[in-house]
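The next block is start08.pdb, given as PDB, C-alpha atoms.
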```pdb
ATOM      1  CA  MET X   1      16.046 -21.462  29.508  1.00  0.00           C
ATOM      2  CA  ASP X   2      16.312 -25.090  28.503  1.00  0.00           C
ATOM      3  CA  GLU X   3      18.900 -26.421  26.043  1.00  0.00           C
ATOM      4  CA  LYS X   4      16.400 -26.930  23.194  1.00  0.00           C
ATOM      5  CA  THR X   5      15.197 -23.314  23.387  1.00  0.00           C
ATOM      6  CA  ARG X   6      18.766 -22.023  23.589  1.00  0.00           C
ATOM      7  CA  LYS X   7      19.756 -23.977  20.453  1.00  0.00           C
ATOM      8  CA  PHE X   8      16.673 -22.696  18.627  1.00  0.00           C
ATOM      9  CA  LEU X   9      17.508 -19.059  19.503  1.00  0.00           C
ATOM     10  CA  VAL X  10      21.179 -19.384  18.568  1.00  0.00           C
ATOM     11  CA  GLY X  11      20.231 -21.054  15.276  1.00  0.00           C
ATOM     12  CA  GLY X  12      17.729 -18.303  14.499  1.00  0.00           C
ATOM     13  CA  ILE X  13      20.266 -15.583  15.274  1.00  0.00           C
ATOM     14  CA  LEU X  14      22.896 -17.243  13.079  1.00  0.00           C
ATOM     15  CA  ILE X  15      20.411 -17.552  10.192  1.00  0.00           C
ATOM     16  CA  ALA X  16      19.378 -13.883  10.588  1.00  0.00           C
ATOM     17  CA  ILE X  17      23.037 -12.798  10.590  1.00  0.00           C
ATOM     18  CA  ALA X  18      23.760 -14.886   7.483  1.00  0.00           C
ATOM     19  CA  ILE X  19      20.782 -13.343   5.685  1.00  0.00           C
ATOM     20  CA  SER X  20      21.851  -9.835   6.704  1.00  0.00           C
ATOM     21  CA  ILE X  21      25.345 -10.401   5.279  1.00  0.00           C
ATOM     22  CA  VAL X  22      24.096 -11.890   2.000  1.00  0.00           C
ATOM     23  CA  ALA X  23      21.385  -9.215   1.625  1.00  0.00           C
ATOM     24  CA  VAL X  24      24.039  -6.525   1.134  1.00  0.00           C
ATOM     25  CA  PHE X  25      25.158  -8.153  -2.097  1.00  0.00           C
ATOM     26  CA  LEU X  26      21.653  -9.003  -3.354  1.00  0.00           C
ATOM     27  CA  ALA X  27      19.976  -5.642  -2.645  1.00  0.00           C
ATOM     28  CA  SER X  28      18.670  -3.564  -5.535  1.00  0.00           C
ATOM     29  CA  SER X  29      19.863   0.001  -6.081  1.00  0.00           C
ATOM     30  CA  ASP X  30      16.361   0.993  -7.230  1.00  0.00           C
ATOM     31  CA  PRO X  31      14.320   2.925  -4.654  1.00  0.00           C
ATOM     32  CA  ASP X  32      12.038   0.776  -2.532  1.00  0.00           C
ATOM     33  CA  GLY X  33       8.298   1.358  -2.177  1.00  0.00           C
ATOM     34  CA  LEU X  34       8.560   4.222   0.311  1.00  0.00           C
ATOM     35  CA  ASP X  35      11.302   6.080  -1.571  1.00  0.00           C
ATOM     36  CA  SER X  36       9.564   5.463  -4.903  1.00  0.00           C
ATOM     37  CA  THR X  37       6.267   6.815  -3.553  1.00  0.00           C
ATOM     38  CA  ALA X  38       8.026   9.903  -2.201  1.00  0.00           C
ATOM     39  CA  LEU X  39       9.613  10.482  -5.618  1.00  0.00           C
ATOM     40  CA  ILE X  40       6.196  10.193  -7.297  1.00  0.00           C
ATOM     41  CA  VAL X  41       4.454  12.493  -4.788  1.00  0.00           C
ATOM     42  CA  SER X  42       7.198  15.107  -5.058  1.00  0.00           C
ATOM     43  CA  GLY X  43       6.984  15.048  -8.859  1.00  0.00           C
ATOM     44  CA  GLN X  44      10.519  13.724  -9.367  1.00  0.00           C
ATOM     45  CA  LYS X  45       9.235  10.519 -10.973  1.00  0.00           C
ATOM     46  CA  THR X  46       6.077   9.411 -12.750  1.00  0.00           C
ATOM     47  CA  LEU X  47       4.248   6.262 -11.830  1.00  0.00           C
ATOM     48  CA  THR X  48       5.274   4.452 -15.014  1.00  0.00           C
ATOM     49  CA  ALA X  49       8.831   5.794 -15.252  1.00  0.00           C
ATOM     50  CA  PRO X  50      11.718   3.432 -14.676  1.00  0.00           C
ATOM     51  CA  ALA X  51      13.457   3.680 -11.329  1.00  0.00           C
ATOM     52  CA  THR X  52      16.365   6.106 -11.269  1.00  0.00           C
ATOM     53  CA  GLY X  53      18.149   5.011  -8.133  1.00  0.00           C
ATOM     54  CA  ASN X  54      18.282   8.656  -7.056  1.00  0.00           C
ATOM     55  CA  ALA X  55      17.643   9.781  -3.501  1.00  0.00           C
ATOM     56  CA  VAL X  56      14.447  11.621  -2.627  1.00  0.00           C
ATOM     57  CA  ASN X  57      15.053  15.379  -2.730  1.00  0.00           C
ATOM     58  CA  ILE X  58      12.242  17.408  -1.178  1.00  0.00           C
ATOM     59  CA  GLU X  59      13.100  21.019  -0.365  1.00  0.00           C
ATOM     60  CA  ALA X  60       9.595  22.530  -0.480  1.00  0.00           C
ATOM     61  CA  PRO X  61       7.916  24.549   2.281  1.00  0.00           C
ATOM     62  CA  GLY X  62       5.932  22.377   4.656  1.00  0.00           C
ATOM     63  CA  HIS X  63       8.126  19.338   4.087  1.00  0.00           C
ATOM     64  CA  PHE X  64      10.661  18.079   6.554  1.00  0.00           C
ATOM     65  CA  SER X  65      13.869  16.213   6.127  1.00  0.00           C
ATOM     66  CA  TYR X  66      15.909  14.057   8.411  1.00  0.00           C
ATOM     67  CA  SER X  67      19.155  12.186   8.448  1.00  0.00           C
ATOM     68  CA  SER X  68      19.361   8.648   9.737  1.00  0.00           C
ATOM     69  CA  PRO X  69      22.504   7.138  11.212  1.00  0.00           C
ATOM     70  CA  MET X  70      22.660   4.367   8.580  1.00  0.00           C
ATOM     71  CA  GLN X  71      21.024   5.730   5.441  1.00  0.00           C
ATOM     72  CA  ASP X  72      20.151   3.098   2.854  1.00  0.00           C
ATOM     73  CA  TYR X  73      21.510   0.382   5.171  1.00  0.00           C
ATOM     74  CA  THR X  74      25.124   1.563   4.853  1.00  0.00           C
ATOM     75  CA  LEU X  75      27.684   3.507   6.847  1.00  0.00           C
ATOM     76  CA  GLY X  76      28.429   5.740   3.875  1.00  0.00           C
ATOM     77  CA  ALA X  77      29.968   5.425   0.424  1.00  0.00           C
ATOM     78  CA  ASN X  78      33.512   5.295   1.815  1.00  0.00           C
ATOM     79  CA  TRP X  79      32.838   1.990   3.570  1.00  0.00           C
ATOM     80  CA  GLY X  80      31.621   0.111   0.493  1.00  0.00           C
ATOM     81  CA  PRO X  81      30.075  -3.332   1.025  1.00  0.00           C
ATOM     82  CA  LEU X  82      31.739  -3.653   4.439  1.00  0.00           C
ATOM     83  CA  GLY X  83      29.700  -0.665   5.649  1.00  0.00           C
ATOM     84  CA  GLY X  84      26.533  -2.369   4.450  1.00  0.00           C
ATOM     85  CA  ILE X  85      27.441  -5.590   6.236  1.00  0.00           C
ATOM     86  CA  ILE X  86      28.204  -3.729   9.483  1.00  0.00           C
ATOM     87  CA  ALA X  87      24.970  -1.724   9.241  1.00  0.00           C
ATOM     88  CA  MET X  88      22.915  -4.863   8.629  1.00  0.00           C
ATOM     89  CA  LEU X  89      24.613  -6.686  11.514  1.00  0.00           C
ATOM     90  CA  ILE X  90      23.965  -3.750  13.854  1.00  0.00           C
ATOM     91  CA  GLY X  91      20.316  -3.651  12.775  1.00  0.00           C
ATOM     92  CA  THR X  92      19.872  -7.413  13.156  1.00  0.00           C
ATOM     93  CA  ILE X  93      21.474  -7.554  16.589  1.00  0.00           C
ATOM     94  CA  LEU X  94      19.674  -4.404  17.762  1.00  0.00           C
ATOM     95  CA  THR X  95      16.326  -5.841  16.641  1.00  0.00           C
ATOM     96  CA  PHE X  96      17.052  -9.072  18.511  1.00  0.00           C
ATOM     97  CA  VAL X  97      18.051  -7.220  21.692  1.00  0.00           C
ATOM     98  CA  ILE X  98      14.926  -5.017  21.584  1.00  0.00           C
ATOM     99  CA  GLY X  99      12.709  -8.061  20.962  1.00  0.00           C
ATOM    100  CA  LEU X 100      14.356  -9.982  23.781  1.00  0.00           C
ATOM    101  CA  GLY X 101      13.895  -6.988  26.099  1.00  0.00           C
ATOM    102  CA  LEU X 102      10.197  -6.748  25.230  1.00  0.00           C
ATOM    103  CA  VAL X 103       9.700 -10.461  25.855  1.00  0.00           C
ATOM    104  CA  TYR X 104      11.469 -10.112  29.210  1.00  0.00           C
ATOM    105  CA  LEU X 105       9.257  -7.162  30.206  1.00  0.00           C
ATOM    106  CA  LEU X 106       6.067  -8.967  29.153  1.00  0.00           C
ATOM    107  CA  LYS X 107       7.110 -12.099  31.024  1.00  0.00           C
ATOM    108  CA  LYS X 108       7.875 -10.026  34.124  1.00  0.00           C
ATOM    109  CA  GLN X 109       4.491  -8.256  33.846  1.00  0.00           C
ATOM    110  CA  LYS X 110       2.681 -11.580  33.446  1.00  0.00           C
ATOM    111  CA  ALA X 111       4.458 -12.969  36.538  1.00  0.00           C
ATOM    112  CA  LYS X 112       3.324  -9.908  38.540  1.00  0.00           C
ATOM    113  CA  GLY X 113      -0.254 -10.460  37.408  1.00  0.00           C
ATOM    114  CA  LEU X 114      -0.169 -14.120  38.418  1.00  0.00           C
ATOM    115  CA  LYS X 115       1.196 -13.225  41.875  1.00  0.00           C
ATOM    116  CA  LYS X 116      -1.557 -10.642  42.408  1.00  0.00           C
ATOM    117  CA  GLY X 117      -4.236 -13.133  41.363  1.00  0.00           C
ATOM    118  CA  ALA X 118      -2.878 -15.819  43.718  1.00  0.00           C
ATOM    119  CA  SER X 119      -2.971 -13.604  46.826  1.00  0.00           C
TER     120      SER X 119
END
```

Rendering of file as structure tokens:
Amino acid sequence: MDEKTRKFLVGGILIAIAISIVAVFLASSDPDGLDSTALIVSGQKTLTAPATGNAVNIEAPGHFSYSSPMQDYTLGANWGPLGGIIAMLIGTILTFVIGLGLVYLLKKQKAKGLKKGAS
């Protein structure tokens, strides 16, 4: 990797990390589109009602529930804003690592294809 590309990647990572830290303090407590839609479908909210900030609570037959490791982009209420910052940093870094891994695999696959075509 040349120096220009390395600087570009490091700059992009630093900008993404800065955004993920600031986003914790700028995020709305109102449910986002997916949560809001689930509240409407489950009858807990009407389409024109103001947002409640409540979690989706579906306990009906035929519905499923799950628990994510970092619900609502936090590590839990006990952590406060620090938990949100840590969760966002983990998500940002994890996304970068997965993306970098995919690029590496695609580059490796492309190199294999070029070698096969040359022989």

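Listed by chain and then by number, the residues chosen by the PyMOL selection byres ((chain X and resi 95-106) around 12) in this file are Leu9, Val10, Gly12, Ile13, Leu14, Ala16, Ile17, Met88, Leu89, Ile90, Gly91, Thr92, Ile93, Leu94, Lys107, Lys108, Gln109, Lys110, Ala111, Lys112 and Gly113 of chain X.
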
Task: range 82-84 of chain X surroundings by only C-alpha atoms, 10 Å radius, close-in-sequence under 2 positions cut, as a ChimeraX atom specification - done: /X:20-21,23-25,70-80,86-90

Task: Point-to-point distance from CA of Ile19 in chain X to CA of Leu39 in chain X, Å rounded to tenths - done: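 About the pair CA of Ile19 in chain X and CA of Leu39 in chain X: they are 28.6 Å apart.
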
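Rounded to one decimal, CA of Leu26 in chain X and CA of Ile40 in chain X lie 25.0 Å from each other.
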
Open item on the list: I'd like the interatomic distance between CA of Val41 in chain X and CA of Ser68 in chain X, to a tenth of an Å.
Closed with: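 Spanning CA of Val41 in chain X to CA of Ser68 in chain X is a straight-line distance of 21.2 Å.
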